[in-house]
Amino acid sequence: MTQTNPATLLSRRFPAKRAFITGAGSGLGLAMAQLLARDGWTLGLLDVSPGALDRAVNQLRQSAGAEVTGYLGDVASYETVAGSIGRFAAASKGFDVLVNNAGVAVAGAVDVTPVEDWNWIVGINLLGVVWGCRAGIPVLKQQGNGLILNIASSAGFAAAPQMAPYNTTKAAVISLSETLAAELAGTGVQVSVAMPGFFRTHLLDQMRAPPQENRMAHQLMDTSGHDPDEAATALLGAAADGDTYIVWPPQYRLAWRLKRWFPNWFLKRVQAFRDAQLRQAGQPQG
């Protein structure tokens, strides 16, 4: 049985086919853009890297003949996000799908992670999503339909030790999305939150972390067996189906339920898993 392209499912719901994606210069954001471009969507891509953004725009135009506009800037800036979304909406006479995807990684204990690293990750991972929602909601509410897909992480519910900055921002995105889903009920605007586990991407390229945590994160990502194309297909497909909570890969769904049913037991298992990973890597525990 051939799997339907999730972009096609979205096209049936939103025939105008207009999407704005943050962090779209590489990784998951670019993979989502590629799926949509192949189905004829008009795209707005926001990224902080001029080189990655130019390559993504050119690739999508050449390979899929897509109508793509790139917007350069940092999602931590409300003016950048609001201005980019506003210009895209004006040029496209609105938009249908907003993917708040841009993110970075910081690891370390709460009391030793540098203040500047806390400010950096909160500005991008949390406030970047807030700014996207704040700028996009008025357009979608006025239209009476649309989809907001916020990219959180399984880290937002797993709460592994030594990952406080990343865990905190992703948990906040989950909570923000739940709140928005309630606030926008009855408006025709769907809010979904994705909580993916590890898959191979560029998230760790600029990771700020102690060497031990950096090595462990790379090891988990490299051995995950999943890539951005798989993630994009799964996450967009679930969002197209109307799911509010999107947990992927499938094996993470049990973890999501266990955390909600048996939180204290779950946190102990997470600690045990981390200790096992440290032993496997031949590193001291702590």
# chains A, B, ... in the order shown; residues from 1 in each chain; ligands from 1
$ residues_around --residues "Val270 of chain A" --least-positions-apart "2" --cutoff "8 Å" --atoms "only C-alpha atoms" --output "tab-separated table (two decimals) with C-alpha atoms, in the first residue's frame"
chain	number	residue	atom	x	y	z
A	158	ALA	CA	11.32	12.92	29.45
A	159	ALA	CA	13.20	15.55	31.48
A	160	ALA	CA	16.55	13.75	31.39
A	266	PHE	CA	9.30	7.14	34.77
A	267	LEU	CA	11.80	9.70	36.06
A	268	LYS	CA	13.74	6.93	37.81
A	272	ALA	CA	18.77	4.63	34.90
A	273	PHE	CA	18.85	4.93	31.12
A	274	ARG	CA	21.25	7.85	31.32
$ closest_residue --among "A:Thr22, A:Ser192, A:Gln62, A:Thr179" --to "Asn100 of chain A" --atoms "only C-alpha atoms"
A:Thr22
$ residues_around --residues "His226 of chain A" --least-positions-apart "5" --cutoff "12 Å" --atoms "only C-alpha atoms" --output "NGL selection string"
:A and (28 or 196-201 or 220-221 or 231-234 or 248-250)
$ closest_atom_pairs --of "segment 48-74 of chain A" --to "segment 121-128 of chain A" --cutoff "12 Å" --atoms "only C-alpha atoms" --output "CSV"
residue,atom,partner,partner_atom,distance
A:Val48,CA,A:Ile124,CA,10.6
A:Gly73,CA,A:Gly128,CA,11.2
A:Asp74,CA,A:Ile124,CA,7.7
$ select_by_dssp --residues "segment 14-244 of chain A" --states "alpha helix (DSSP H)" --output "PyMOL selection string"
chain A and resi 27-38+50-64+78-92+115-121+127-143+155-158+164-183+211-222+228-240
$ atom_distance --atom1 "atom CA of Gly108 of chain A" --atom2 "atom CA of Lys259 of chain A"
22.2 Å
$ residues_around --residues "segment 161-170 of chain A" --least-positions-apart "4" --cutoff "6 Å" --atoms "only C-alpha atoms" --output "list in words"
Ala105, Val106, Ala107, Gly108, Ala109, Val110, Asn125, Leu126, Ala152, Ser153, Ala155 and Gly156 of chain A
$ select_by_dssp --residues "segment 52-253 of chain A" --states "strand (DSSP E)" --output "ChimeraX atom specification"
/A:67-72,97-100,146-151,189-196,245-248
$ write_last_selection --atoms "N, CA and C atoms" --output "mmCIF file, in the first residue's frame"
data_model
loop_
_atom_site.group_PDB
_atom_site.id
_atom_site.type_symbol
_atom_site.label_atom_id
_atom_site.label_comp_id
_atom_site.auth_asym_id
_atom_site.auth_seq_id
_atom_site.Cartn_x
_atom_site.Cartn_y
_atom_site.Cartn_z
ATOM 1 N N GLU A 67 7.385 28.041 -5.665
ATOM 2 C CA GLU A 67 7.393 29.477 -5.405
ATOM 3 C C GLU A 67 7.828 29.663 -3.959
ATOM 4 N N VAL A 68 9.071 30.117 -3.772
ATOM 5 C CA VAL A 68 9.677 30.165 -2.445
ATOM 6 C C VAL A 68 10.265 31.551 -2.197
ATOM 7 N N THR A 69 10.035 32.062 -1.000
ATOM 8 C CA THR A 69 10.653 33.317 -0.575
ATOM 9 C C THR A 69 11.425 33.072 0.703
ATOM 10 N N GLY A 70 12.680 33.507 0.726
ATOM 11 C CA GLY A 70 13.498 33.349 1.909
ATOM 12 C C GLY A 70 13.492 34.614 2.750
ATOM 13 N N TYR A 71 13.487 34.427 4.052
ATOM 14 C CA TYR A 71 13.531 35.545 4.999
ATOM 15 C C TYR A 71 14.680 35.272 5.965
ATOM 16 N N LEU A 72 15.645 36.177 6.016
ATOM 17 C CA LEU A 72 16.842 35.991 6.828
ATOM 18 C C LEU A 72 16.651 36.659 8.184
ATOM 19 N N VAL A 97 -0.535 27.201 6.727
ATOM 20 C CA VAL A 97 0.218 26.381 7.684
ATOM 21 C C VAL A 97 1.408 27.178 8.190
ATOM 22 N N LEU A 98 1.568 27.191 9.507
ATOM 23 C CA LEU A 98 2.727 27.818 10.147
ATOM 24 C C LEU A 98 3.455 26.739 10.936
ATOM 25 N N VAL A 99 4.726 26.509 10.607
ATOM 26 C CA VAL A 99 5.538 25.534 11.338
ATOM 27 C C VAL A 99 6.617 26.283 12.106
ATOM 28 N N ASN A 100 6.498 26.296 13.426
ATOM 29 C CA ASN A 100 7.512 26.903 14.288
ATOM 30 C C ASN A 100 8.535 25.833 14.640
ATOM 31 N N GLY A 146 -6.757 27.167 9.351
ATOM 32 C CA GLY A 146 -5.304 27.134 9.329
ATOM 33 C C GLY A 146 -4.762 26.127 10.315
ATOM 34 N N LEU A 147 -3.455 25.937 10.277
ATOM 35 C CA LEU A 147 -2.768 24.969 11.122
ATOM 36 C C LEU A 147 -1.494 25.593 11.659
ATOM 37 N N ILE A 148 -1.308 25.500 12.964
ATOM 38 C CA ILE A 148 -0.045 25.855 13.607
ATOM 39 C C ILE A 148 0.576 24.565 14.123
ATOM 40 N N LEU A 149 1.776 24.263 13.647
ATOM 41 C CA LEU A 149 2.507 23.082 14.090
ATOM 42 C C LEU A 149 3.762 23.549 14.824
ATOM 43 N N ASN A 150 3.780 23.358 16.127
ATOM 44 C CA ASN A 150 4.926 23.734 16.946
ATOM 45 C C ASN A 150 5.807 22.515 17.189
ATOM 46 N N ILE A 151 7.095 22.661 16.929
ATOM 47 C CA ILE A 151 8.023 21.544 17.089
ATOM 48 C C ILE A 151 8.654 21.614 18.477
ATOM 49 N N VAL A 189 -8.916 27.141 13.617
ATOM 50 C CA VAL A 189 -7.447 27.055 13.598
ATOM 51 C C VAL A 189 -7.009 25.883 14.463
ATOM 52 N N GLN A 190 -6.302 24.951 13.875
ATOM 53 C CA GLN A 190 -5.781 23.781 14.582
ATOM 54 C C GLN A 190 -4.395 24.065 15.130
ATOM 55 N N VAL A 191 -4.151 23.609 16.344
ATOM 56 C CA VAL A 191 -2.808 23.687 16.934
ATOM 57 C C VAL A 191 -2.332 22.274 17.224
ATOM 58 N N SER A 192 -1.160 21.932 16.721
ATOM 59 C CA SER A 192 -0.538 20.629 16.974
ATOM 60 C C SER A 192 0.851 20.849 17.547
ATOM 61 N N VAL A 193 1.281 19.945 18.400
ATOM 62 C CA VAL A 193 2.634 20.012 18.939
ATOM 63 C C VAL A 193 3.324 18.679 18.691
ATOM 64 N N ALA A 194 4.495 18.744 18.078
ATOM 65 C CA ALA A 194 5.275 17.546 17.765
ATOM 66 C C ALA A 194 6.326 17.325 18.848
ATOM 67 N N MET A 195 6.446 16.071 19.275
ATOM 68 C CA MET A 195 7.420 15.706 20.309
ATOM 69 C C MET A 195 8.297 14.576 19.789
ATOM 70 N N PRO A 196 9.140 14.857 18.795
ATOM 71 C CA PRO A 196 9.969 13.785 18.236
ATOM 72 C C PRO A 196 11.084 13.372 19.178
ATOM 73 N N TYR A 245 -1.458 16.066 19.749
ATOM 74 C CA TYR A 245 -0.174 15.576 20.261
ATOM 75 C C TYR A 245 0.427 14.614 19.244
ATOM 76 N N ILE A 246 1.658 14.901 18.828
ATOM 77 C CA ILE A 246 2.324 14.065 17.832
ATOM 78 C C ILE A 246 3.631 13.566 18.446
ATOM 79 N N VAL A 247 3.653 12.299 18.833
ATOM 80 C CA VAL A 247 4.847 11.697 19.423
ATOM 81 C C VAL A 247 5.410 10.703 18.414
ATOM 82 N N TRP A 248 6.679 10.873 18.060
ATOM 83 C CA TRP A 248 7.328 10.051 17.032
ATOM 84 C C TRP A 248 8.812 9.969 17.353
#
$ closest_residue --among "A:Pro6, A:Gly23, A:Gly29, A:Gly103" --to "Ser49 of chain A" --atoms "only C-alpha atoms"
A:Gly23
$ atom_distance --atom1 "atom CA of Ala91 of chain A" --atom2 "atom CA of Asp54 of chain A"
19.5 Å
$ closest_residue --among "A:Met32, A:Ala185, A:Ala24, A:Ala64" --to "Gly237 of chain A" --atoms "only C-alpha atoms"
A:Met32
$ closest_residue --among "A:Asp47, A:Ala7, A:Gln142, A:Asp227" --to "Thr80 of chain A" --atoms "only C-alpha atoms"
A:Asp47
$ residues_around --residues "segment 59-61 of chain A" --least-positions-apart "4" --cutoff "12 Å" --atoms "only C-alpha atoms" --output "JSON, numbers by chain"
{"A": [24, 25, 26, 30, 31, 32, 33, 34, 35, 36, 37, 38, 39, 40, 41, 42, 43, 44, 45, 52, 53, 54, 55, 65, 66, 67, 68, 69, 70]}
$ atom_distance --atom1 "atom CA of Leu258 of chain A" --atom2 "atom CA of Glu178 of chain A"
19.1 Å
